[in-house]
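Each remark here refers to the structure printed beneath this line.
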Amino acid sequence: MVKTNPGRFFEDYSVGQVLQHAVPRTVTEGERGLYHALYPARHALYSSDEFARDCGLPESPLDDLAAFHLVFGKTVPDVSLNAVANLGYGEGRWLKPVYAGDTLRSVSEVIGVKQNSNGKTGVVWVRTRGLNQLDEVVIEYVRWVMVRKADVNAPAPETVVPELKKALTPQDLIVPEGLDFSNYDFALAGEAHRWGDYEIGEKIDHVDGVTVEEAEHMLATRLWQNTAKVHFDLTFRPEGRLIYGGHVISMARTLSFNGLANAQMIVGLNGGAHANPCFAGDTIKAWSEVLDKAETGVPGVGAIRLRLVATKGGDPFELENDEGRYLPDVLLDLDYWALMPQ
Amino acid sequence: MVKTNPGRFFEDYSVGQVLQHAVPRTVTEGERGLYHALYPARHALYSSDEFARDCGLPESPLDDLAAFHLVFGKTVPDVSLNAVANLGYGEGRWLKPVYAGDTLRSVSEVIGVKQNSNGKTGVVWVRTRGLNQLDEVVIEYVRWVMVRKADVNAPAPETVVPELKKALTPQDLIVPEGLDFSNYDFALAGEAHRWGDYEIGEKIDHVDGVTVEEAEHMLATRLWQNTAKVHFDLTFRPEGRLIYGGHVISMARTLSFNGLANAQMIVGLNGGAHANPCFAGDTIKAWSEVLDKAETGVPGVGAIRLRLVATKGGDPFELENDEGRYLPDVLLDLDYWALMPQ
Amino acid sequence: MVKTNPGRFFEDYSVGQVLQHAVPRTVTEGERGLYHALYPARHALYSSDEFARDCGLPESPLDDLAAFHLVFGKTVPDVSLNAVANLGYGEGRWLKPVYAGDTLRSVSEVIGVKQNSNGKTGVVWVRTRGLNQLDEVVIEYVRWVMVRKADVNAPAPETVVPELKKALTPQDLIVPEGLDFSNYDFALAGEAHRWGDYEIGEKIDHVDGVTVEEAEHMLATRLWQNTAKVHFDLTFRPEGRLIYGGHVISMARTLSFNGLANAQMIVGLNGGAHANPCFAGDTIKAWSEVLDKAETGVPGVGAIRLRLVATKGGDPFELENDEGRYLPDVLLDLDYWALMPQ
C-alpha cells in the first residue's frame, strides 16, 4: 500500500467533486512579521494596528495576498501536483479579513473539465474557498490548470467549461464590515493621492526593483505550505527551481506601494496570468494601469481596478508583442480590484 | 582577563558535574511562524490550534524538534565548542509540549568520560534537560561528543561509560496529558493511513526533496542560538560551512509528512547518527522504516518507532555498504518514537 | 501627475522643516523571532521574558537596535533616497523600551544644511524621533547625509551646522523605569564579568564571525521597511547590492555577546561611521574597546561606553592607517553607551 500522495490525474476529476484539502493552519504574528521580511510591504492598514483601528478594523489583518497564498497552498497536493501548467485565475473575492489567531482551511469544487485534443492532458477548473474557524468563507476564487492523464486510454469526460466573469462588477465586491476611511491619514499612509486623483488609463511605473534569491522564495513558499517540487528540488528540475507565481504577485503588489500606497485592501481578483517563469537572480519590477474605477456604496471608500504587471527587464509599460503574446521579460499580468479612500 | 568564552576542553569535564547553560529563551509565535518558513512543516497538530484543541491540547505546541533544537543550542558553548565530532544521541524523551510564551533553559550533567588512546581527545557523555519557567522538565536526552584536550599532558580521568538503552521501551514514553485522538480528522490531517495500517519492516520513500541554501540553515541555527563557528564562518572553515545536524533532522522529519502525516508527536529519541556532513547545494530527501509499534496505554494513541534516513543522493532505502558503513550520500540515520492515532 | 516618490533633493530641505514619515508599524512577536533568526542575538534580557521580569521589566523588549532600525527605515524615503553618502550619527538616545504590540512612527526635524563647494551636493542634518502609540518618544538621534541637488543652479541656503555633543554624558542616559539588576543571574546571562571587571582602554576580540548572504540582509532590511534601492536591486547597482549599514551594526553588536554578554541595554549612540561598504560573502567579525565607564544614579546599574568595530578581515584591534584613515577591512566604527550590572 503506497503511503505517499501521488496526486490526482486528469481522469480523477469530475464535475461536482468536492475536495477537502489538508492541512488547516492558524495564522499568527509570526506570519505577519515574515510577510514584512519577505516583501517590501508598506501598506499602512497592514503595517499598523493603530492605523487599522483608525479605519474601523479591530487591528491589522494578515496581508490579503498572504491569506490567498495560504488558501492556495493547501490545494496544491490535490489540484496541481501533476499539473503541467497553471492556466489562470478568476472570480476571486476577499470576503472577510484574516487576523492573527484565525485558522484557515480550504475546500475546492470541481466546476469544469475538458480533455485536450492530444488525449494526454486536460484542463480542470476548481472553485476554491478558504474558510476560517467559524466556517465563514474568507476568500474564494476559480483557478484552472492543465493536468496530465495517468492513463492516456482513460475515456474523455463530457466537456464542461464554466462561464466565468471577465471581471467582477463593483456589486460583487465586499467592503469589510466597519471599514471607514473618514479619519484616513494620508501622510502616515505615505501617499497624498486619493481615489479621485487616479484616472482610467493612467499608468504608473513603480520604479523600485528586487533581485530575488533562492532562500527567499523557498521560505515564502514553504510558509504557505505549498509543496510543489518544482520550487524546492533542484535535482527534480536541474535547469533551475521555478519561483512560485504567488511570490511574484506579492513582490509586485508590495513594490506598487510606490505610487499606489492608498490602494489598501485587495477585494477582487478578476484574472491573472504568469506570463513567463521567474528564477533566482531575476530582478522583479512592477508597473500598474488603472483599468476602472467604481463606487462601492460605502461612503468614502472607492474601488479601483488595476492591472499589475511584473517584469524582469525591459522598459515599463511594455507588455505584448505585435501578435498579442507576452514579451519574454513579462512575468505577471494581474487584474484586481482594491479599495482606496476617496 | 580574557572575557570571551574559550569553551571547555576534555580535561575540564568530570562525572557528576552539572552545567547550567545560558541563555534562557522565551518562545513565541515568531518561532512558530519561522519553523513553517524554514521547513516544509505540515503536521496538523502543530499547524492548527483548532486541530490541536480537537486532540485535547490547549493549542498547537511548538514543533517538538524546534523545542529540541532550542534546548540543544544552549549546550553548545559549554559542551561542543571544542568538539571534534558529535558522536551520538540516546534516551531522548519529550515530557511536556512547549507552547508560545514558555521560557526554556537547559541544564546538563556529565555522566561519562573516556580518554581516547591517542591521548589528545576524549569522549564526554552528558544528559541534558530542558526546563520551562515552572522548572518542569520538557525534554531530556543524552549526547556524547569527542572533545579536544587543551593540555595533552593532563592526566586521563577514570573511564566511566554510561549504560544507555539501545531504545526506549513503550513504558518510557510520555503521552501528553489530555491527548485524545477520538475526534481525529484524517482528511484534515492529510493522510488516511492510521497506526494499524503500518507494518513493522515497511519502508516509505517520502519522495520530496529540498535543495538547501546557506541563508536558510544559518537563519535556523541562529534561531536556536547555536553559535558553533563551523555553521557560520567561512573564513574559519574555507571548505564550506557545515550545516547544523539539527537542520537536516528537521528537514527530513518534515519531508516525512508525505507518507507519515499522522505520526504527529515525537516522544522518544532512541539514537541518531549524522552519517555524513551536509552543505549548501545538497538536496535533502528522506525515507523511513517502521522499526516497531506499541500500545501506549492511552486508548486510541499508538506508538510507532521509525528509522528516519536523510540522503543527498542515491536511491531510497540504501543505507550502508557491505562493511556496514554508511554510504557517502547518507546524511542522517535517526531512530525515534512518535504518537499516531489508532 | 507623477505618483511615485522621487525623494527630496538638497534644495528641498530647510532648517526647521518637520517631516512626518510614513508608515507606522506595529511590532509583534514576529519581529522578535526574526531578530533572533537574522542575528546571533543572545543578550538574556531580550531572549527571556522571565529574565526581563527578574530585572524589573514587564517582559523582554524588542532589541534596541531593531527599534532603531524601524525608526530609521521610515526616514529613508524622505531623507536618504537621493543621498550620496550616510555621513554620521550622533546624540542617539533610547528613552523607552519597545514591546510587542507597540506601534512606532518617526518624525524628523531638519537642524542643519550646508551646500558643498562643488555646488552639486550638500549636507543635511536631521534629528529623528521615534514615537509609540502614546506619542512617547522612544528613540531619538541625529543623522547627517550628503544629498544631491536636483537643480545645480538652485541658490545655496544659509549654512547652519548644528553643534552636536562628541559623546553623551552619563546624565543624558535614561535608565528604563523599574530596571533593577539586584537579582541578576550571571550564569543564565552567560557571562561572569560585571561592570567592575571592565577597564577603560580594555579591548575585547569577540572571536566569532558570520559570512553574510544576500537573502539575509534583504530580509532584515525589508523588515525595517527600509526601501533604499542599493540594498535590493542588482540592476540598479550591478557591482553588487550594498548591505544596509544597520545590518552590520546588528551583526557586530550580537557577536559582541561573546565577551560583553552583560552589556544588556543600549541607551546611547555617541557616533558612528560606516567605514567601508559590506557585501554578501564578507565575513563580519567584531571587537570592542571600553571607552568610558560611569555611574547611572540607579543602584546596581552601571553605564559602559564602548567602541564597537566590525571588520571583514585583518587582525582584531586594527582600525586606522598612519594618516588616520580607516583600514579597508574595517566596516563599522560605532561608539555607544550600554547598561551593565554592577
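Letters A, B, ... go to the chains of the C-alpha cells in the order shown; residues in each chain start at 1; ligands are counted from 1 in the same order.
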Report as a Markdown table the residues of chain A within 9 Å of chain B, each with its shortest atom pair and distance in Å (one decimal), using only C-alpha atoms, ordered by chain and increasing residue number.
| residue | atom | partner | partner_atom | distance |
| --- | --- | --- | --- | --- |
| A:Met1 | CA | B:Asp197 | CA | 8.8 |
| A:Val2 | CA | B:Ile204 | CA | 7.9 |
| A:Lys3 | CA | B:Gly259 | CA | 4.6 |
| A:Thr4 | CA | B:Gly259 | CA | 4.3 |
| A:Asn5 | CA | B:Asn258 | CA | 6.5 |
| A:Gln20 | CA | B:Ala187 | CA | 7.0 |
| A:His21 | CA | B:Leu188 | CA | 6.6 |
| A:Ala22 | CA | B:Leu188 | CA | 4.3 |
| A:Val23 | CA | B:Leu188 | CA | 5.3 |
| A:Pro24 | CA | B:Ser48 | CA | 5.4 |
| A:Arg25 | CA | B:Ser48 | CA | 4.5 |
| A:Thr26 | CA | B:Ser48 | CA | 4.8 |
| A:Val27 | CA | B:Gly33 | CA | 8.1 |
| A:Thr28 | CA | B:Glu29 | CA | 6.1 |
| A:Glu29 | CA | B:Glu29 | CA | 6.1 |
| A:Gly30 | CA | B:Gly30 | CA | 4.0 |
| A:Glu31 | CA | B:Gly33 | CA | 5.5 |
| A:Arg32 | CA | B:Gly33 | CA | 8.8 |
| A:Gly33 | CA | B:Gly30 | CA | 7.6 |
| A:Leu34 | CA | B:Leu34 | CA | 7.6 |
| A:Gly101 | CA | B:Asp49 | CA | 8.4 |
| A:Asp102 | CA | B:Asp49 | CA | 8.9 |
| A:Thr103 | CA | B:Ser48 | CA | 6.4 |
| A:Leu104 | CA | B:Ser48 | CA | 8.3 |
| A:Arg105 | CA | B:Leu188 | CA | 8.4 |
| A:Gln133 | CA | B:Glu50 | CA | 7.3 |
| A:Glu214 | CA | B:Glu213 | CA | 7.4 |
| A:Ala215 | CA | B:Glu213 | CA | 6.0 |
| A:Glu216 | CA | B:Glu216 | CA | 8.5 |
| A:Met218 | CA | B:Ala37 | CA | 7.8 |
| A:Leu219 | CA | B:Ala37 | CA | 4.7 |
| A:Ala220 | CA | B:Ala37 | CA | 6.3 |
| A:Thr221 | CA | B:Ala37 | CA | 7.7 |
| A:Arg222 | CA | B:Ala37 | CA | 5.2 |
| A:Leu223 | CA | B:Ala37 | CA | 4.3 |
| A:Trp224 | CA | B:Ala37 | CA | 8.0 |
| A:Gln225 | CA | B:Pro40 | CA | 6.4 |
| A:Asn226 | CA | B:Pro40 | CA | 8.2 |
| A:Thr227 | CA | B:Pro40 | CA | 7.2 |
| A:Ala228 | CA | B:Asp208 | CA | 8.7 |
| A:Lys229 | CA | B:Asp208 | CA | 6.5 |
| A:His231 | CA | B:Val210 | CA | 8.7 |
| A:Phe232 | CA | B:Val210 | CA | 4.9 |
| A:Asp233 | CA | B:Val210 | CA | 4.8 |
| A:Leu234 | CA | B:Thr211 | CA | 5.9 |
| A:Thr235 | CA | B:Thr283 | CA | 7.0 |
| A:Phe236 | CA | B:Gly209 | CA | 8.2 |
Grab the residues selected above and save them as a tab-separated table (two decimals), in the first residue's frame with N, CA and C atoms.
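The result, stored in selection-v9.tsv:
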chain	number	residue	atom	x	y	z
A	1	MET	N	0.85	-1.20	0.00
A	1	MET	CA	0.00	0.00	0.00
A	1	MET	C	0.89	1.25	0.00
A	2	VAL	N	0.84	2.01	-1.07
A	2	VAL	CA	1.68	3.21	-1.16
A	2	VAL	C	1.15	4.26	-0.19
A	3	LYS	N	2.05	4.79	0.63
A	3	LYS	CA	1.60	5.75	1.65
A	3	LYS	C	1.74	7.19	1.17
A	4	THR	N	2.58	7.45	0.19
A	4	THR	CA	2.78	8.84	-0.24
A	4	THR	C	1.70	9.23	-1.25
A	5	ASN	N	1.43	10.52	-1.27
A	5	ASN	CA	0.38	11.05	-2.13
A	5	ASN	C	0.89	11.22	-3.56
A	20	GLN	N	-11.77	18.27	0.10
A	20	GLN	CA	-11.46	18.87	1.41
A	20	GLN	C	-9.94	18.84	1.55
A	21	HIS	N	-9.31	19.98	1.47
A	21	HIS	CA	-7.86	19.99	1.48
A	21	HIS	C	-7.30	19.96	2.90
A	22	ALA	N	-6.22	19.20	3.09
A	22	ALA	CA	-5.43	19.29	4.31
A	22	ALA	C	-4.47	20.48	4.13
A	23	VAL	N	-3.87	21.01	5.04
A	23	VAL	CA	-3.85	20.91	6.48
A	23	VAL	C	-4.32	22.26	6.99
A	24	PRO	N	-5.21	22.32	7.99
A	24	PRO	CA	-5.61	23.65	8.49
A	24	PRO	C	-4.42	24.38	9.08
A	25	ARG	N	-4.49	25.70	9.12
A	25	ARG	CA	-3.35	26.49	9.59
A	25	ARG	C	-3.81	27.70	10.40
A	26	THR	N	-3.28	27.82	11.57
A	26	THR	CA	-3.53	29.02	12.38
A	26	THR	C	-2.50	30.07	12.02
A	27	VAL	N	-2.97	31.25	11.66
A	27	VAL	CA	-2.03	32.31	11.35
A	27	VAL	C	-1.74	33.10	12.61
A	28	THR	N	-0.51	33.57	12.72
A	28	THR	CA	-0.08	34.25	13.94
A	28	THR	C	0.69	35.52	13.58
A	29	GLU	N	1.16	36.18	14.63
A	29	GLU	CA	2.02	37.34	14.42
A	29	GLU	C	3.32	36.93	13.72
A	30	GLY	N	3.66	35.67	13.79
A	30	GLY	CA	4.84	35.18	13.09
A	30	GLY	C	4.69	35.35	11.58
A	31	GLU	N	3.55	34.95	11.04
A	31	GLU	CA	3.32	35.10	9.60
A	31	GLU	C	3.31	36.58	9.21
A	32	ARG	N	2.71	37.37	10.07
A	32	ARG	CA	2.65	38.81	9.79
A	32	ARG	C	4.06	39.41	9.73
A	33	GLY	N	4.89	39.05	10.69
A	33	GLY	CA	6.27	39.53	10.67
A	33	GLY	C	7.01	39.03	9.44
A	34	LEU	N	6.84	37.75	9.14
A	34	LEU	CA	7.56	37.19	8.00
A	34	LEU	C	7.15	37.84	6.69
A	101	GLY	N	-4.49	34.57	14.81
A	101	GLY	CA	-5.35	33.74	15.65
A	101	GLY	C	-6.37	32.96	14.84
A	102	ASP	N	-6.69	33.43	13.64
A	102	ASP	CA	-7.63	32.71	12.78
A	102	ASP	C	-6.99	31.43	12.25
A	103	THR	N	-7.82	30.43	12.05
A	103	THR	CA	-7.37	29.17	11.46
A	103	THR	C	-8.06	28.97	10.11
A	104	LEU	N	-7.26	28.77	9.08
A	104	LEU	CA	-7.79	28.66	7.72
A	104	LEU	C	-7.73	27.22	7.22
A	105	ARG	N	-8.76	26.84	6.48
A	105	ARG	CA	-8.71	25.58	5.72
A	105	ARG	C	-9.29	25.86	4.35
A	133	GLN	N	-12.14	29.49	11.25
A	133	GLN	CA	-12.55	28.55	12.29
A	133	GLN	C	-14.05	28.65	12.58
A	214	GLU	N	17.16	32.43	-4.02
A	214	GLU	CA	16.58	31.10	-3.78
A	214	GLU	C	16.01	30.99	-2.36
A	215	ALA	N	16.83	31.41	-1.38
A	215	ALA	CA	16.40	31.21	0.02
A	215	ALA	C	15.08	31.92	0.28
A	216	GLU	N	14.91	33.10	-0.30
A	216	GLU	CA	13.72	33.88	-0.02
A	216	GLU	C	12.45	33.26	-0.58
A	218	MET	N	11.91	30.22	-1.35
A	218	MET	CA	11.60	28.95	-0.69
A	218	MET	C	11.01	29.19	0.70
A	219	LEU	N	11.56	30.16	1.43
A	219	LEU	CA	10.98	30.49	2.74
A	219	LEU	C	9.51	30.86	2.59
A	220	ALA	N	9.23	31.70	1.61
A	220	ALA	CA	7.86	32.17	1.40
A	220	ALA	C	6.94	31.01	1.01
A	221	THR	N	7.38	30.22	0.08
A	221	THR	CA	6.52	29.18	-0.47
A	221	THR	C	6.24	28.11	0.58
A	222	ARG	N	7.25	27.79	1.37
A	222	ARG	CA	7.03	26.86	2.49
A	222	ARG	C	6.07	27.43	3.51
A	223	LEU	N	6.19	28.75	3.75
A	223	LEU	CA	5.33	29.37	4.76
A	223	LEU	C	3.86	29.17	4.41
A	224	TRP	N	3.57	29.14	3.12
A	224	TRP	CA	2.18	28.92	2.68
A	224	TRP	C	1.90	27.42	2.51
A	225	GLN	N	2.84	26.59	2.94
A	225	GLN	CA	2.68	25.13	2.88
A	225	GLN	C	2.39	24.63	1.47
A	226	ASN	N	2.97	25.34	0.52
A	226	ASN	CA	2.91	24.92	-0.88
A	226	ASN	C	4.10	24.00	-1.11
A	227	THR	N	3.81	22.76	-1.48
A	227	THR	CA	4.86	21.73	-1.51
A	227	THR	C	5.26	21.32	-2.92
A	228	ALA	N	4.88	22.09	-3.93
A	228	ALA	CA	5.19	21.67	-5.30
A	228	ALA	C	6.71	21.53	-5.49
A	229	LYS	N	7.11	20.37	-5.96
A	229	LYS	CA	8.54	20.02	-6.10
A	229	LYS	C	9.34	21.05	-6.88
A	231	HIS	N	9.53	24.06	-6.96
A	231	HIS	CA	10.03	25.25	-6.26
A	231	HIS	C	11.22	24.95	-5.34
A	232	PHE	N	11.45	23.66	-5.04
A	232	PHE	CA	12.39	23.32	-3.97
A	232	PHE	C	13.52	22.39	-4.36
A	233	ASP	N	13.28	21.54	-5.33
A	233	ASP	CA	14.17	20.40	-5.57
A	233	ASP	C	14.92	20.57	-6.89
A	234	LEU	N	16.18	20.95	-6.77
A	234	LEU	CA	16.99	21.21	-7.97
A	234	LEU	C	17.31	19.92	-8.71
A	235	THR	N	17.27	18.77	-8.04
A	235	THR	CA	17.52	17.51	-8.75
A	235	THR	C	16.29	17.12	-9.57
A	236	PHE	N	15.13	17.63	-9.17
A	236	PHE	CA	13.89	17.37	-9.92
A	236	PHE	C	13.82	18.27	-11.14
Near-region 15-17 of chain A list (10 Å; only C-alpha atoms; drop same-chain fewer than 3 positions) as JSON, numbers by chain:
{"A": [12, 20, 108, 109, 110, 111, 112, 113, 124, 125, 126, 157, 158, 159, 160, 161]}
Who sits within 6 Å of Ala263 (chain B), only C-alpha atoms, same chain under 5 positions skipped, as JSON, numbers by chain:
{"B": [338, 339, 340]}
Show me, as a list in words, the residues that have an atom within 7 Å of region 65-69 of chain B when counting only C-alpha atoms, minus same-chain residues fewer than 5 positions from it.
Val98, Trp224, Gly246 and Ser250 of chain B
Please list as an MDAnalysis selection string every residue within 9 Å of region 317-326 of chain C, counting only C-alpha atoms and excluding residues in the same chain fewer than 3 positions away.
chainID C and resid 203:205 275:276 287:289 309 311 314 329:331 333
Keeping all heavy atoms, export the residues of the selection given above as a compact mmCIF listing (two decimals), in the first residue's frame.
# COMPACT_ATOMS: atom_id res chain seq x y z
N LYS C 203 40.47 46.06 25.48
CA LYS C 203 39.94 45.68 24.17
C LYS C 203 39.55 44.20 24.19
O LYS C 203 40.25 43.39 24.80
CB LYS C 203 40.96 45.93 23.08
CG LYS C 203 41.22 47.42 22.85
CD LYS C 203 42.25 47.64 21.74
CE LYS C 203 42.50 49.13 21.55
NZ LYS C 203 43.53 49.37 20.52
N ILE C 204 38.47 43.87 23.53
CA ILE C 204 37.95 42.50 23.54
C ILE C 204 37.74 42.04 22.10
O ILE C 204 37.01 42.69 21.33
CB ILE C 204 36.61 42.44 24.29
CG1 ILE C 204 36.81 42.92 25.75
CG2 ILE C 204 36.03 41.02 24.27
CD1 ILE C 204 35.53 43.37 26.41
N ASP C 205 38.36 40.94 21.75
CA ASP C 205 38.13 40.32 20.44
C ASP C 205 36.95 39.36 20.59
O ASP C 205 37.01 38.41 21.37
CB ASP C 205 39.38 39.56 20.00
CG ASP C 205 39.17 38.79 18.70
OD1 ASP C 205 38.12 38.99 18.05
OD2 ASP C 205 40.05 37.99 18.35
N ALA C 275 32.63 52.65 7.78
CA ALA C 275 33.95 52.95 7.25
C ALA C 275 34.13 52.47 5.81
O ALA C 275 34.74 53.13 4.98
CB ALA C 275 35.02 52.34 8.15
N ASN C 276 33.60 51.28 5.53
CA ASN C 276 33.67 50.71 4.18
C ASN C 276 32.40 49.94 3.91
O ASN C 276 31.75 49.47 4.83
CB ASN C 276 34.88 49.75 4.07
CG ASN C 276 36.20 50.50 4.01
OD1 ASN C 276 36.51 51.14 3.02
ND2 ASN C 276 36.96 50.42 5.10
N TRP C 287 35.22 43.56 17.25
CA TRP C 287 35.97 43.74 18.51
C TRP C 287 35.47 45.02 19.17
O TRP C 287 34.87 45.87 18.51
CB TRP C 287 37.47 43.75 18.28
CG TRP C 287 38.05 44.77 17.33
CD1 TRP C 287 38.25 44.61 16.00
CD2 TRP C 287 38.51 46.10 17.66
NE1 TRP C 287 38.80 45.74 15.46
CE2 TRP C 287 38.99 46.67 16.46
CE3 TRP C 287 38.58 46.84 18.83
CZ2 TRP C 287 39.51 47.97 16.39
CZ3 TRP C 287 39.11 48.13 18.78
CH2 TRP C 287 39.57 48.68 17.57
N SER C 288 35.69 45.10 20.47
CA SER C 288 35.22 46.25 21.23
C SER C 288 36.36 46.85 22.04
O SER C 288 37.32 46.16 22.38
CB SER C 288 34.09 45.86 22.20
OG SER C 288 32.94 45.46 21.49
N GLU C 289 36.19 48.12 22.36
CA GLU C 289 37.12 48.80 23.27
C GLU C 289 36.29 49.55 24.30
O GLU C 289 35.31 50.22 23.95
CB GLU C 289 38.00 49.77 22.47
CG GLU C 289 38.98 50.54 23.37
CD GLU C 289 39.79 51.57 22.58
OE1 GLU C 289 39.65 51.64 21.34
OE2 GLU C 289 40.56 52.33 23.23
N VAL C 309 33.74 47.79 16.77
CA VAL C 309 34.29 47.82 15.42
C VAL C 309 33.95 46.51 14.71
O VAL C 309 34.18 45.43 15.26
CB VAL C 309 35.81 48.02 15.46
CG1 VAL C 309 36.40 47.97 14.05
CG2 VAL C 309 36.15 49.35 16.14
N THR C 311 34.63 44.23 11.30
CA THR C 311 35.62 44.09 10.24
C THR C 311 35.21 42.97 9.29
O THR C 311 34.37 42.15 9.61
CB THR C 311 37.00 43.72 10.82
OG1 THR C 311 36.88 42.44 11.44
CG2 THR C 311 37.46 44.74 11.85
N GLY C 314 41.49 41.08 8.24
CA GLY C 314 42.54 41.75 9.00
C GLY C 314 42.59 41.24 10.42
O GLY C 314 41.82 40.35 10.81
N ASP C 329 39.56 46.93 5.58
CA ASP C 329 38.75 45.84 6.12
C ASP C 329 37.82 46.26 7.26
O ASP C 329 37.07 45.44 7.77
CB ASP C 329 39.66 44.70 6.62
CG ASP C 329 40.17 43.85 5.47
OD1 ASP C 329 39.54 43.87 4.39
OD2 ASP C 329 41.19 43.16 5.64
N VAL C 330 37.90 47.52 7.64
CA VAL C 330 37.01 48.00 8.71
C VAL C 330 35.66 48.39 8.10
O VAL C 330 35.60 49.15 7.14
CB VAL C 330 37.64 49.20 9.45
CG1 VAL C 330 36.64 49.81 10.43
CG2 VAL C 330 38.90 48.76 10.18
N LEU C 331 34.58 47.82 8.64
CA LEU C 331 33.24 48.11 8.14
C LEU C 331 32.54 49.19 8.96
O LEU C 331 31.81 50.01 8.42
CB LEU C 331 32.38 46.84 8.17
CG LEU C 331 32.86 45.68 7.30
CD1 LEU C 331 32.05 44.42 7.61
CD2 LEU C 331 32.73 46.04 5.82
N ASP C 333 32.60 51.63 12.75
CA ASP C 333 33.21 52.15 13.98
C ASP C 333 32.10 52.86 14.75
O ASP C 333 31.72 53.98 14.40
CB ASP C 333 34.36 53.10 13.62
CG ASP C 333 35.08 53.65 14.85
OD1 ASP C 333 34.87 53.11 15.96
OD2 ASP C 333 35.85 54.61 14.69
Rounded to one decimal place, report the CA of Leu327 (chain C)-CA of Leu308 (chain C) distance in Å.
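That distance, rounded to one decimal, is 15.0 Å.
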Residue neighbourhood region 291-293 of chain C, 9 Å, only C-alpha atoms, exclusion window fewer than 3 positions, as a list in words
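Once the nearby chain positions are removed, what remains is Pro170, Trp195, Tyr198, Glu199, Ile200, Gly201, Glu202, Gly302, Ala303, Ile304, Arg305, Leu306, Arg307, Asp335 and Trp337 of chain C.
Minimum distance to Tyr141 (chain B) across B:Phe9, B:Tyr244, B:Tyr336, B:Trp94 (counting only C-alpha atoms) occurs at B:Trp94.
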Filtered DSSP result for region 206-315 of chain B, state helix (DSSP H, G or I), as a VMD selection string:
chain B and resid 214 to 223 229 to 231 245 to 255 257 to 260
What residues in region 218-268 of chain B get the DSSP label strand (DSSP E or B)? Please answer as a list in words.
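Those residues are Met265, Ile266, Val267 and Gly268 of chain B.
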